[in-house]
>>> print(open('entry_21.txt').read())   # compact mmCIF, C-alpha atoms and all ligand atoms
# COMPACT_ATOMS: atom_id res chain seq x y z
CA MET U 1 20.95 20.56 30.75
CA SER U 2 21.80 23.72 28.79
CA GLU U 3 25.62 23.61 28.66
CA ALA U 4 27.30 21.27 26.18
CA THR U 5 29.71 18.52 27.18
CA GLU U 6 33.27 19.11 26.00
CA GLN U 7 33.81 15.87 24.10
CA VAL U 8 33.11 15.78 20.37
CA ILE U 9 32.18 12.32 19.07
CA SER U 10 33.35 12.10 15.46
CA GLY U 11 30.46 11.17 13.18
CA LEU U 12 28.27 10.87 16.32
CA GLU U 13 29.47 7.25 16.44
CA GLY U 14 27.73 5.29 19.18
CA ILE U 15 25.61 8.27 20.28
CA LEU U 16 21.99 7.51 21.22
CA ALA U 17 20.05 10.35 19.57
CA CYS U 18 16.51 9.23 20.42
CA GLU U 19 14.36 6.43 21.81
CA SER U 20 12.76 4.27 19.15
CA SER U 21 10.71 1.07 18.98
CA ILE U 22 11.00 0.54 15.21
CA ALA U 23 14.26 -1.33 14.51
CA TYR U 24 16.74 -3.00 16.83
CA ILE U 25 20.37 -3.50 15.80
CA ASP U 26 23.13 -5.29 17.64
CA GLY U 27 26.11 -4.98 15.34
CA SER U 28 28.27 -7.37 17.34
CA ILE U 29 26.09 -10.48 16.79
CA PRO U 30 24.93 -9.22 14.22
CA GLU U 31 21.21 -8.84 14.82
CA LEU U 32 18.54 -6.75 13.11
CA SER U 33 14.85 -6.82 13.90
CA PHE U 34 11.86 -4.75 12.84
CA ARG U 35 9.33 -4.20 15.64
CA GLY U 36 10.76 -7.21 17.47
CA TYR U 37 10.71 -9.66 14.54
CA ASP U 38 14.04 -11.00 13.31
CA ILE U 39 14.98 -9.75 9.83
CA HIS U 40 15.70 -13.29 8.58
CA ASP U 41 12.20 -14.47 9.57
CA ILE U 42 10.70 -11.36 8.02
CA ALA U 43 12.65 -11.75 4.78
CA GLN U 44 11.59 -15.36 4.38
CA THR U 45 7.96 -15.01 5.41
CA LEU U 46 6.41 -11.59 4.92
CA THR U 47 5.51 -9.42 1.95
CA PHE U 48 6.41 -5.76 1.46
CA GLU U 49 2.81 -4.76 2.23
CA GLN U 50 2.88 -6.66 5.55
CA VAL U 51 6.22 -5.09 6.49
CA ALA U 52 5.00 -1.57 5.72
CA PHE U 53 1.93 -2.14 7.91
CA LEU U 54 4.13 -3.62 10.64
CA LEU U 55 6.57 -0.71 10.64
CA TRP U 56 3.80 1.89 10.79
CA HIS U 57 1.40 0.16 13.19
CA ASP U 58 3.75 -1.93 15.37
CA ARG U 59 1.80 -5.10 14.59
CA LEU U 60 1.05 -7.33 11.62
CA PRO U 61 -2.19 -6.79 9.71
CA ASN U 62 -4.91 -9.38 10.25
CA ALA U 63 -6.73 -11.24 7.46
CA THR U 64 -9.19 -8.38 6.89
CA GLU U 65 -6.73 -5.54 7.31
CA LEU U 66 -4.12 -6.83 4.84
CA PRO U 67 -6.27 -6.80 1.68
CA ALA U 68 -7.76 -3.43 2.65
CA PHE U 69 -4.28 -1.98 3.27
CA SER U 70 -2.94 -3.44 0.00
CA THR U 71 -5.87 -2.00 -1.94
CA ASP U 72 -5.33 1.38 -0.29
CA LEU U 73 -1.69 1.37 -1.48
CA THR U 74 -2.71 0.13 -4.94
CA GLN U 75 -5.18 2.98 -5.39
CA ARG U 76 -2.48 5.54 -4.58
CA ARG U 77 0.05 4.36 -7.19
CA ALA U 78 -0.84 6.63 -10.11
CA ILE U 79 1.12 9.88 -10.26
CA PRO U 80 -0.36 13.20 -11.38
CA GLU U 81 0.31 14.36 -14.94
CA GLN U 82 2.26 17.35 -13.52
CA ILE U 83 4.81 14.92 -12.04
CA LEU U 84 5.29 13.20 -15.38
CA THR U 85 5.69 16.61 -17.03
CA LEU U 86 8.24 17.50 -14.37
CA LEU U 87 10.18 14.26 -14.91
CA ARG U 88 10.31 14.95 -18.64
CA ALA U 89 11.61 18.47 -17.92
CA ILE U 90 14.51 17.35 -15.68
CA PRO U 91 17.75 17.70 -17.69
CA PRO U 92 18.89 14.26 -18.90
CA GLN U 93 22.35 14.73 -17.37
CA ALA U 94 20.85 15.23 -13.89
CA HIS U 95 21.21 12.33 -11.46
CA PRO U 96 17.90 10.44 -11.18
CA MET U 97 18.06 11.05 -7.41
CA ALA U 98 17.84 14.78 -8.16
CA GLY U 99 14.73 13.97 -10.20
CA LEU U 100 13.20 11.91 -7.40
CA ARG U 101 14.00 14.57 -4.81
CA THR U 102 12.36 17.21 -7.01
CA ALA U 103 9.31 15.06 -7.77
CA VAL U 104 8.67 14.33 -4.08
CA SER U 105 9.06 18.01 -3.30
CA MET U 106 6.53 18.77 -6.06
CA LEU U 107 4.08 16.22 -4.61
CA GLY U 108 4.38 18.12 -1.33
CA ALA U 109 3.78 21.44 -3.05
CA MET U 110 0.67 19.96 -4.71
CA ASP U 111 -0.80 18.59 -1.47
CA PRO U 112 -3.23 21.12 0.03
CA ARG U 113 -2.84 19.36 3.39
CA ALA U 114 0.96 19.29 3.28
CA ASP U 115 1.26 21.21 6.56
CA ASP U 116 -1.21 19.06 8.47
CA ILE U 117 1.11 17.17 10.83
CA SER U 118 -1.61 15.13 12.55
CA PRO U 119 -0.76 11.40 12.83
CA GLU U 120 -3.74 10.50 10.62
CA ASP U 121 -2.71 12.80 7.81
CA ASN U 122 0.95 11.88 8.10
CA LEU U 123 0.00 8.23 7.72
CA ARG U 124 -1.98 9.14 4.62
CA LYS U 125 1.09 10.91 3.22
CA ALA U 126 3.32 7.96 4.13
CA LYS U 127 1.06 5.57 2.22
CA ASP U 128 0.82 7.97 -0.67
CA LEU U 129 4.59 8.35 -1.08
CA THR U 130 5.18 4.61 -0.57
CA ALA U 131 2.74 3.90 -3.39
CA LYS U 132 3.88 6.71 -5.71
CA MET U 133 7.68 6.67 -5.42
CA PRO U 134 8.00 3.35 -7.32
CA THR U 135 5.82 4.78 -10.10
CA ILE U 136 8.16 7.80 -10.28
CA VAL U 137 11.32 5.64 -10.27
CA ALA U 138 10.01 3.24 -12.93
CA ALA U 139 8.98 6.23 -15.07
CA GLN U 140 12.47 7.74 -14.66
CA ALA U 141 14.10 4.47 -15.73
CA ARG U 142 11.91 4.27 -18.84
CA LEU U 143 12.14 7.94 -19.80
CA GLN U 144 15.93 7.85 -19.78
CA ARG U 145 15.79 4.89 -22.18
CA GLY U 146 13.47 6.85 -24.46
CA GLN U 147 10.47 4.70 -23.48
CA GLU U 148 7.06 5.90 -22.34
CA PRO U 149 6.15 5.35 -18.66
CA ILE U 150 3.77 2.47 -17.95
CA ALA U 151 0.68 2.98 -15.80
CA PRO U 152 0.48 0.83 -12.65
CA ASP U 153 -1.46 -2.45 -12.77
CA ALA U 154 -3.91 -2.70 -9.87
CA GLY U 155 -3.98 -6.49 -10.20
CA LEU U 156 -0.34 -6.83 -9.14
CA SER U 157 1.34 -6.70 -5.73
CA HIS U 158 3.59 -3.77 -4.82
CA ALA U 159 6.77 -5.61 -5.89
CA ALA U 160 5.29 -7.23 -9.00
CA ASN U 161 3.78 -3.95 -10.17
CA TYR U 162 7.14 -2.18 -9.68
CA CYS U 163 8.84 -4.72 -12.00
CA TYR U 164 5.95 -4.44 -14.45
CA MET U 165 6.17 -0.64 -14.60
CA LEU U 166 9.89 -0.99 -15.31
CA SER U 167 9.77 -3.59 -18.09
CA GLY U 168 6.15 -3.78 -19.26
CA GLU U 169 6.16 -7.51 -18.50
CA ARG U 170 4.41 -9.21 -15.59
CA PRO U 171 7.21 -10.81 -13.56
CA ASP U 172 7.33 -14.51 -12.66
CA ALA U 173 7.02 -15.66 -9.05
CA THR U 174 10.80 -15.92 -8.45
CA THR U 175 11.44 -12.41 -9.75
CA THR U 176 8.58 -11.00 -7.69
CA ARG U 177 9.69 -12.73 -4.50
CA THR U 178 13.32 -11.70 -4.98
CA PHE U 179 12.41 -8.08 -5.53
CA ASP U 180 9.84 -8.08 -2.72
CA THR U 181 12.49 -9.37 -0.30
CA THR U 182 14.99 -6.77 -1.54
CA LEU U 183 12.45 -4.02 -0.86
CA ILE U 184 11.82 -5.46 2.62
CA LEU U 185 15.52 -5.64 3.49
CA TYR U 186 15.92 -1.96 2.60
CA ALA U 187 12.63 -0.73 4.10
CA GLU U 188 14.05 0.37 7.44
CA HIS U 189 17.37 0.65 9.24
CA GLU U 190 17.21 2.56 12.53
CA THR U 191 18.89 5.98 12.77
CA ASN U 192 21.10 5.80 9.68
CA ALA U 193 22.10 9.14 8.15
CA SER U 194 19.00 9.63 5.98
CA THR U 195 16.54 8.60 8.70
CA PHE U 196 18.30 10.88 11.15
CA ALA U 197 18.04 13.71 8.59
CA CYS U 198 14.27 13.04 8.42
CA ARG U 199 14.06 13.15 12.20
CA VAL U 200 16.02 16.42 12.40
CA VAL U 201 13.64 18.11 9.96
CA THR U 202 10.61 16.63 11.74
CA GLY U 203 12.03 18.01 14.99
CA THR U 204 11.35 21.53 13.70
CA GLU U 205 7.69 20.52 13.13
CA ALA U 206 8.13 21.06 9.40
CA ASP U 207 5.89 18.91 7.16
CA LEU U 208 6.49 15.26 6.25
CA TYR U 209 7.44 16.05 2.63
CA SER U 210 10.23 18.37 3.79
CA ALA U 211 11.53 15.62 6.06
CA VAL U 212 11.42 13.03 3.26
CA VAL U 213 13.18 15.36 0.83
CA ALA U 214 15.97 15.70 3.43
CA GLY U 215 16.12 11.89 3.64
CA ILE U 216 16.39 11.61 -0.14
CA GLY U 217 19.20 14.16 -0.12
CA ALA U 218 21.10 12.22 2.52
CA ILE U 219 20.68 8.75 1.04
CA LYS U 220 21.99 10.00 -2.32
CA GLY U 221 25.53 10.27 -0.93
CA PRO U 222 28.14 7.63 -1.90
CA LEU U 223 28.83 6.78 1.75
CA HIS U 224 25.14 5.87 2.15
CA GLY U 225 22.65 4.65 -0.49
CA GLY U 226 24.71 6.12 -3.32
CA ALA U 227 27.20 3.28 -2.86
CA ILE U 228 25.00 0.68 -4.52
CA ASP U 229 25.48 1.69 -8.15
CA ASP U 230 29.19 2.22 -7.45
CA VAL U 231 29.30 -1.46 -6.39
CA MET U 232 27.94 -2.56 -9.75
CA ARG U 233 30.35 -0.26 -11.58
CA MET U 234 33.18 -1.83 -9.59
CA LEU U 235 32.05 -5.39 -10.46
CA ILE U 236 31.85 -4.36 -14.12
CA GLU U 237 35.32 -2.80 -13.89
CA ILE U 238 36.72 -6.04 -12.40
CA ASP U 239 34.92 -8.02 -15.14
CA ASP U 240 36.52 -11.39 -14.39
CA PRO U 241 36.60 -13.44 -11.15
CA GLU U 242 40.30 -14.11 -11.84
CA ARG U 243 41.01 -10.40 -11.55
CA ALA U 244 38.98 -9.80 -8.38
CA ALA U 245 41.64 -10.47 -5.71
CA GLY U 246 44.28 -8.42 -7.54
CA PHE U 247 41.82 -5.58 -7.99
CA ILE U 248 41.16 -5.47 -4.24
CA ASP U 249 44.89 -5.53 -3.45
CA GLU U 250 45.58 -2.67 -5.85
CA ALA U 251 42.62 -0.62 -4.65
CA LEU U 252 43.62 -1.00 -1.01
CA ALA U 253 47.25 -0.15 -1.82
CA ALA U 254 45.95 3.03 -3.46
CA ARG U 255 43.89 3.65 -0.27
CA ARG U 256 40.64 3.54 -2.27
CA LYS U 257 37.42 3.22 -0.32
CA LEU U 258 35.57 0.38 -1.94
CA PRO U 259 31.79 0.67 -2.33
CA GLY U 260 29.70 -2.01 -0.65
CA PHE U 261 32.24 -2.65 2.11
CA GLY U 262 32.30 -1.46 5.69
CA HIS U 263 29.59 -0.29 8.03
CA ARG U 264 29.40 2.07 10.97
CA VAL U 265 27.35 -0.32 13.10
CA TYR U 266 27.97 -3.82 11.73
CA ARG U 267 31.57 -4.79 12.17
CA ALA U 268 30.90 -8.57 12.24
CA GLY U 269 28.67 -8.80 9.16
CA ASP U 270 25.51 -7.21 7.81
CA PRO U 271 22.51 -9.55 8.26
CA ARG U 272 20.84 -8.07 5.18
CA ALA U 273 23.90 -8.94 3.09
CA ARG U 274 23.53 -12.59 4.17
CA GLN U 275 20.04 -12.69 2.64
CA LEU U 276 21.05 -10.77 -0.47
CA ARG U 277 24.09 -12.95 -1.03
CA THR U 278 21.85 -16.03 -1.39
CA MET U 279 19.41 -14.10 -3.56
CA ALA U 280 22.18 -12.83 -5.86
CA GLU U 281 23.50 -16.37 -6.30
CA LYS U 282 20.08 -17.89 -7.01
CA LEU U 283 19.05 -15.11 -9.36
CA GLY U 284 22.33 -15.39 -11.26
CA GLN U 285 21.76 -19.16 -11.62
CA ALA U 286 18.16 -18.62 -12.76
CA ARG U 287 19.35 -16.07 -15.35
CA GLY U 288 22.26 -18.32 -16.44
CA ASP U 289 24.76 -15.58 -15.55
CA ASN U 290 26.77 -16.13 -12.39
CA LYS U 291 29.68 -13.91 -13.38
CA TRP U 292 28.77 -11.02 -11.06
CA PHE U 293 28.22 -13.29 -8.09
CA ALA U 294 31.52 -15.06 -8.76
CA ILE U 295 33.43 -11.76 -8.93
CA ALA U 296 31.67 -10.48 -5.83
CA THR U 297 32.45 -13.53 -3.70
CA VAL U 298 36.16 -13.54 -4.59
CA ALA U 299 36.47 -9.80 -3.90
CA GLU U 300 34.50 -10.16 -0.65
CA GLN U 301 36.78 -12.92 0.58
CA ARG U 302 39.91 -10.94 -0.29
CA MET U 303 38.59 -7.89 1.51
CA ARG U 304 37.83 -9.94 4.62
CA GLU U 305 41.23 -11.65 4.59
CA THR U 306 43.31 -8.53 4.03
CA LYS U 307 41.38 -5.78 5.85
CA GLY U 308 38.78 -7.66 7.89
CA ILE U 309 36.08 -5.43 6.37
CA ILE U 310 32.63 -6.88 5.79
CA ALA U 311 30.32 -6.62 2.79
CA ASN U 312 27.33 -4.42 3.54
CA VAL U 313 23.74 -4.50 2.27
CA ASP U 314 24.60 -2.79 -1.03
CA TYR U 315 27.24 -5.31 -2.02
CA PHE U 316 24.99 -8.17 -3.13
CA ALA U 317 21.94 -5.98 -3.72
CA ALA U 318 23.76 -4.42 -6.68
CA PRO U 319 23.91 -7.64 -8.77
CA VAL U 320 20.33 -8.43 -7.69
CA LEU U 321 18.99 -5.13 -9.06
CA TYR U 322 21.19 -5.51 -12.14
CA HIS U 323 19.72 -8.93 -12.89
CA LEU U 324 16.23 -7.51 -12.31
CA GLY U 325 16.86 -5.02 -15.13
CA PHE U 326 17.11 -1.72 -13.28
CA PRO U 327 19.50 0.77 -14.90
CA LEU U 328 22.53 1.39 -12.69
CA ASN U 329 21.81 5.05 -12.10
CA VAL U 330 18.39 4.38 -10.52
CA PHE U 331 19.61 1.79 -7.98
CA THR U 332 19.68 4.42 -5.21
CA ASN U 333 16.23 5.62 -6.28
CA VAL U 334 14.94 2.08 -5.76
CA ILE U 335 16.38 2.06 -2.25
CA ALA U 336 14.84 5.44 -1.45
CA SER U 337 11.49 4.26 -2.80
CA THR U 338 11.35 1.52 -0.17
CA ARG U 339 13.19 3.31 2.66
CA ILE U 340 10.28 5.77 2.57
CA VAL U 341 8.52 3.23 4.81
CA GLY U 342 11.17 3.44 7.51
CA TRP U 343 11.59 7.19 7.12
CA SER U 344 7.90 7.78 7.62
CA ALA U 345 7.74 5.38 10.60
CA HIS U 346 10.50 7.46 12.23
CA ILE U 347 8.84 10.73 11.24
CA LEU U 348 5.59 9.55 12.89
CA GLU U 349 7.51 8.45 15.98
CA GLN U 350 9.39 11.77 16.16
CA TYR U 351 6.20 13.86 15.86
CA ALA U 352 4.58 11.75 18.59
CA ASN U 353 7.26 12.68 21.12
CA ASN U 354 9.00 15.67 19.65
CA ARG U 355 11.72 17.91 20.93
CA LEU U 356 13.73 20.15 18.62
CA ILE U 357 16.99 18.39 17.68
CA ARG U 358 19.69 20.98 18.22
CA PRO U 359 23.16 19.75 19.18
CA ARG U 360 26.12 22.01 19.91
CA ALA U 361 29.50 22.45 18.21
CA ARG U 362 32.80 22.78 20.02
CA TYR U 363 34.06 26.11 18.72
CA VAL U 364 37.64 25.92 17.47
CA GLY U 365 37.79 29.21 15.53
CA GLN U 366 39.15 32.57 16.58
CA ARG U 367 37.44 34.86 19.08
CA GLY U 368 37.71 38.48 20.03
CA ARG U 369 38.84 39.73 16.61
CA LYS U 370 38.42 43.48 15.96
CA LEU U 371 37.08 44.92 12.70
CA ASN U 372 39.56 47.79 12.69
C1 LIG G 1 30.03 2.83 5.48
C2 LIG G 1 31.21 3.70 5.86
C3 LIG G 1 30.90 5.15 5.47
C4 LIG G 1 31.41 3.61 7.37
O1 LIG G 1 32.33 4.57 7.73
P1 LIG G 1 32.97 4.66 9.19
O2 LIG G 1 32.12 4.01 10.19
O3 LIG G 1 33.31 6.09 9.39
O4 LIG G 1 34.25 3.74 9.04
P2 LIG G 1 35.71 4.24 8.93
O5 LIG G 1 35.86 5.15 7.76
O6 LIG G 1 36.11 4.78 10.28
O7 LIG G 1 36.48 2.89 8.64
C5 LIG G 1 37.30 2.20 9.54
C6 LIG G 1 38.50 1.65 8.78
O8 LIG G 1 38.05 0.78 7.75
C7 LIG G 1 38.44 1.30 6.48
N1 LIG G 1 37.32 1.15 5.58
C8 LIG G 1 36.01 1.29 5.90
N2 LIG G 1 35.26 1.08 4.83
C9 LIG G 1 36.11 0.84 3.82
C10 LIG G 1 35.91 0.58 2.47
N3 LIG G 1 34.67 0.52 1.95
N4 LIG G 1 36.98 0.34 1.69
C11 LIG G 1 38.23 0.41 2.20
N5 LIG G 1 38.47 0.66 3.48
C12 LIG G 1 37.41 0.87 4.29
C13 LIG G 1 38.75 2.76 6.71
O9 LIG G 1 39.64 3.26 5.76
C14 LIG G 1 39.32 2.72 8.08
O10 LIG G 1 40.63 2.22 7.99
P3 LIG G 1 41.82 2.89 8.83
O11 LIG G 1 41.43 2.68 10.27
O12 LIG G 1 43.02 2.13 8.38
O13 LIG G 1 41.82 4.32 8.44
C15 LIG G 1 32.52 3.23 5.17
O14 LIG G 1 32.75 1.90 5.51
C16 LIG G 1 32.46 3.41 3.67
O15 LIG G 1 32.79 4.49 3.15
N6 LIG G 1 32.02 2.34 2.91
C17 LIG G 1 31.90 2.46 1.48
C18 LIG G 1 30.57 3.11 1.10
C19 LIG G 1 29.40 2.17 1.34
O16 LIG G 1 29.40 1.02 0.95
N7 LIG G 1 28.34 2.71 1.95
C20 LIG G 1 27.11 1.98 2.19
C21 LIG G 1 26.94 1.70 3.64
S1 LIG G 1 25.54 0.66 3.94
>>> encode(input="entry_21.txt", output="structure tokens")
Amino acid sequence: MSEATEQVISGLEGILACESSIAYIDGSIPELSFRGYDIHDIAQTLTFEQVAFLLWHDRLPNATELPAFSTDLTQRRAIPEQILTLLRAIPPQAHPMAGLRTAVSMLGAMDPRADDISPEDNLRKAKDLTAKMPTIVAAQARLQRGQEPIAPDAGLSHAANYCYMLSGERPDATTTRTFDTTLILYAEHETNASTFACRVVTGTEADLYSAVVAGIGAIKGPLHGGAIDDVMRMLIEIDDPERAAGFIDEALAARRKLPGFGHRVYRAGDPRARQLRTMAEKLGQARGDNKWFAIATVAEQRMRETKGIIANVDYFAAPVLYHLGFPLNVFTNVIASTRIVGWSAHILEQYANNRLIRPRARYVGQRGRKLN
């Protein structure tokens, strides 16, 4: 078909842009599964390393493959000195997502095989970025606090090492499991805006780094991954559970779009938010600070009652990351550093069955104008 249809679908809502076997979403139930496994089972049972393997290979690793895969990731964690130099050179007022975007682009520029788009080499790059992006994000968080970056610890799991590189302390089992599950819940989410951006770039047969940089650019936006730190700012602004309902009423009266609420696909609830809600509550209890959870639940209820709008994944993830000690302005970086798994799974899938992605626009401008 070469001619375009006449109808423009605003925001491409409901449009099927590709075939995929990575994540399944039914927003009406709501249901989310990765490679056929329900997200709730995954969140309660698997580790980040198992989920990454699953998303890339369409099956779980066996007892021999898992330790080998984990070691492979572990050995890729260290970042080159040039990247640390680059991070130090980024102006302090720049958003940390600009720093991450630049660092990933630099890793691509430093890779002599950047333009090798074979599945084997793309998988190598996927593992490399999955292992290195947390090291970059933790270094960013420390540098902005005037602290020196901490080298990765090969004796720790992906999630535990991430926490360690942030704080310099080996996390306890609850902290590790909470963060591991958070990383899993964010690892993949079908053709959301950033993943679609990755697929569009891949469709031109550009290299994986270029596609990932596009994904980082897209997820930075406040309608996408950029909402998560805005959620925490909002909870801080509310400050008191007693004020939460009134805050929502005033914000809605002023026609404010509230971060952490609403979703293009889930209208009946976000299954990831269900998991994160429990985690935020438990973590708050463990830390002896349930204020953020209390504010969040009152505001959530008010939003549901008055507008019927659901809390999305970012809503309860914000207090979780806050309790885990991440600075607010790197929350989106943390999300990008785990969504790399889903992005690269989609990039691999797109390369495997590629056709240039090139939609049409319905022209509404003038025609036939004369220059004199
Ligand atoms: C996620 C989001 C971009 C989805 O956008 P969308 O599918 O285009 O949804 P719409 O903007 O069409 O919203 C439908 C209605 O709900 C309202 N709405 C949606 N999200 C809202 C929010 N967060 N706060 C207030 N109202 C909201 C819209 O104003 C609109 O109301 P109207 O019909 O009276 O105009 C949107 O909900 C949003 O901006 N949320 C806040 C940012 C966020 O948390 N992003 C992370 C997503 S995981």
>>> closest_residue(input="entry_21.txt", among="U:Arg302, U:Arg358, U:Arg367, U:Arg267", to="Ala17 (chain U)", atoms="all atoms listed in the file")
U:Arg358
>>> residues_near_ligand(input="entry_21.txt", ligand="ligand LIG 1 (chain G)", cutoff="7 Å", atoms="all atoms listed in the file", output="VMD selection string")
chain U and resid 11 222 to 225 227 252 255 to 264 309 312 to 314
>>> closest_residue(input="entry_21.txt", among="U:Leu73, U:Ile83, U:Ala63, U:Ala98", to="Val330 (chain U)", atoms="all atoms listed in the file")
U:Ala98
>>> atom_distance(input="entry_21.txt", atom1="CA of Ile136 (chain U)", atom2="CA of Pro149 (chain U)")
9.0 Å
>>> residues_around(input="entry_21.txt", residues="Ala206 (chain U)", least_positions_apart="3", cutoff="12 Å", atoms="only C-alpha atoms", output="list of chain:residue names")
U:Gly108, U:Ala114, U:Asp115, U:Asp116, U:Ile117, U:Ser118, U:Asn122, U:Cys198, U:Arg199, U:Val200, U:Val201, U:Thr202, U:Gly203, U:Tyr209, U:Ser210, U:Ala211, U:Val212, U:Val213, U:Ala214, U:Ile347, U:Gln350, U:Tyr351, U:Asn354, U:Leu356
>>> residues_around(input="entry_21.txt", residues="Asp289 (chain U)", least_positions_apart="5", cutoff="9 Å", atoms="all atoms listed in the file", output="list in words")
Leu283, Gly284 and His323 of chain U
>>> residues_around(input="entry_21.txt", residues="Thr74 (chain U)", least_positions_apart="6", cutoff="8 Å", atoms="all atoms listed in the file", output="compact mmCIF listing (two decimals) with C-alpha atoms, in the coordinates of the input")
# COMPACT_ATOMS: atom_id res chain seq x y z
CA ALA U 131 2.74 3.90 -3.39
CA ALA U 154 -3.91 -2.70 -9.87
CA SER U 157 1.34 -6.70 -5.73
CA HIS U 158 3.59 -3.77 -4.82
>>> residues_around(input="entry_21.txt", residues="Phe293 (chain U)", least_positions_apart="6", cutoff="10 Å", atoms="all atoms listed in the file", output="PyMOL selection string")
chain U and resi 235+241+277-285+299+316+319-320
>>> residues_around(input="entry_21.txt", residues="Thr176 (chain U)", least_positions_apart="4", cutoff="7 Å", atoms="only C-alpha atoms", output="PyMOL selection string")
chain U and resi 159-160+171-172+180
>>> closest_residue(input="entry_21.txt", among="U:Tyr322, U:Gly269, U:Leu54, U:Ala286", to="Ile29 (chain U)", atoms="all atoms listed in the file")
U:Gly269
>>> atom_distance(input="entry_21.txt", atom1="CA of Lys125 (chain U)", atom2="CA of Leu208 (chain U)")
7.6 Å
>>> residues_near_point(input="entry_21.txt", point="(8.4, 1.1, 7.3)", cutoff="7 Å", atoms="all atoms listed in the file", output="number ranges by chain")
U: 51-52, 55-56, 187-188, 340-345
>>> atom_distance(input="entry_21.txt", atom1="CA of Ile295 (chain U)", atom2="CA of Ala317 (chain U)")
13.9 Å
>>> residues_near_point(input="entry_21.txt", point="(9.7, -12.0, 8.2)", cutoff="12 Å", atoms="only C-alpha atoms", output="list in words")
Leu32, Ser33, Phe34, Arg35, Gly36, Tyr37, Asp38, Ile39, His40, Asp41, Ile42, Ala43, Gln44, Thr45, Leu46, Thr47, Phe48, Glu49, Gln50, Val51, Ala52, Leu54, Leu55, Leu60, Asp180, Thr181, Ile184, Leu185 and Gln275 of chain U
>>> closest_residue(input="entry_21.txt", among="U:Glu3, U:Glu13, U:Glu81, U:Glu242", to="Thr191 (chain U)", atoms="all atoms listed in the file")
U:Glu13
>>> closest_residue(input="entry_21.txt", among="U:Arg360, U:Lys220, U:His57, U:Arg233", to="Leu12 (chain U)", atoms="only C-alpha atoms")
U:Arg360
>>> closest_residue(input="entry_21.txt", among="U:Ala126, U:Ala244, U:Val265, U:Ile236", to="Gln301 (chain U)", atoms="only C-alpha atoms")
U:Ala244
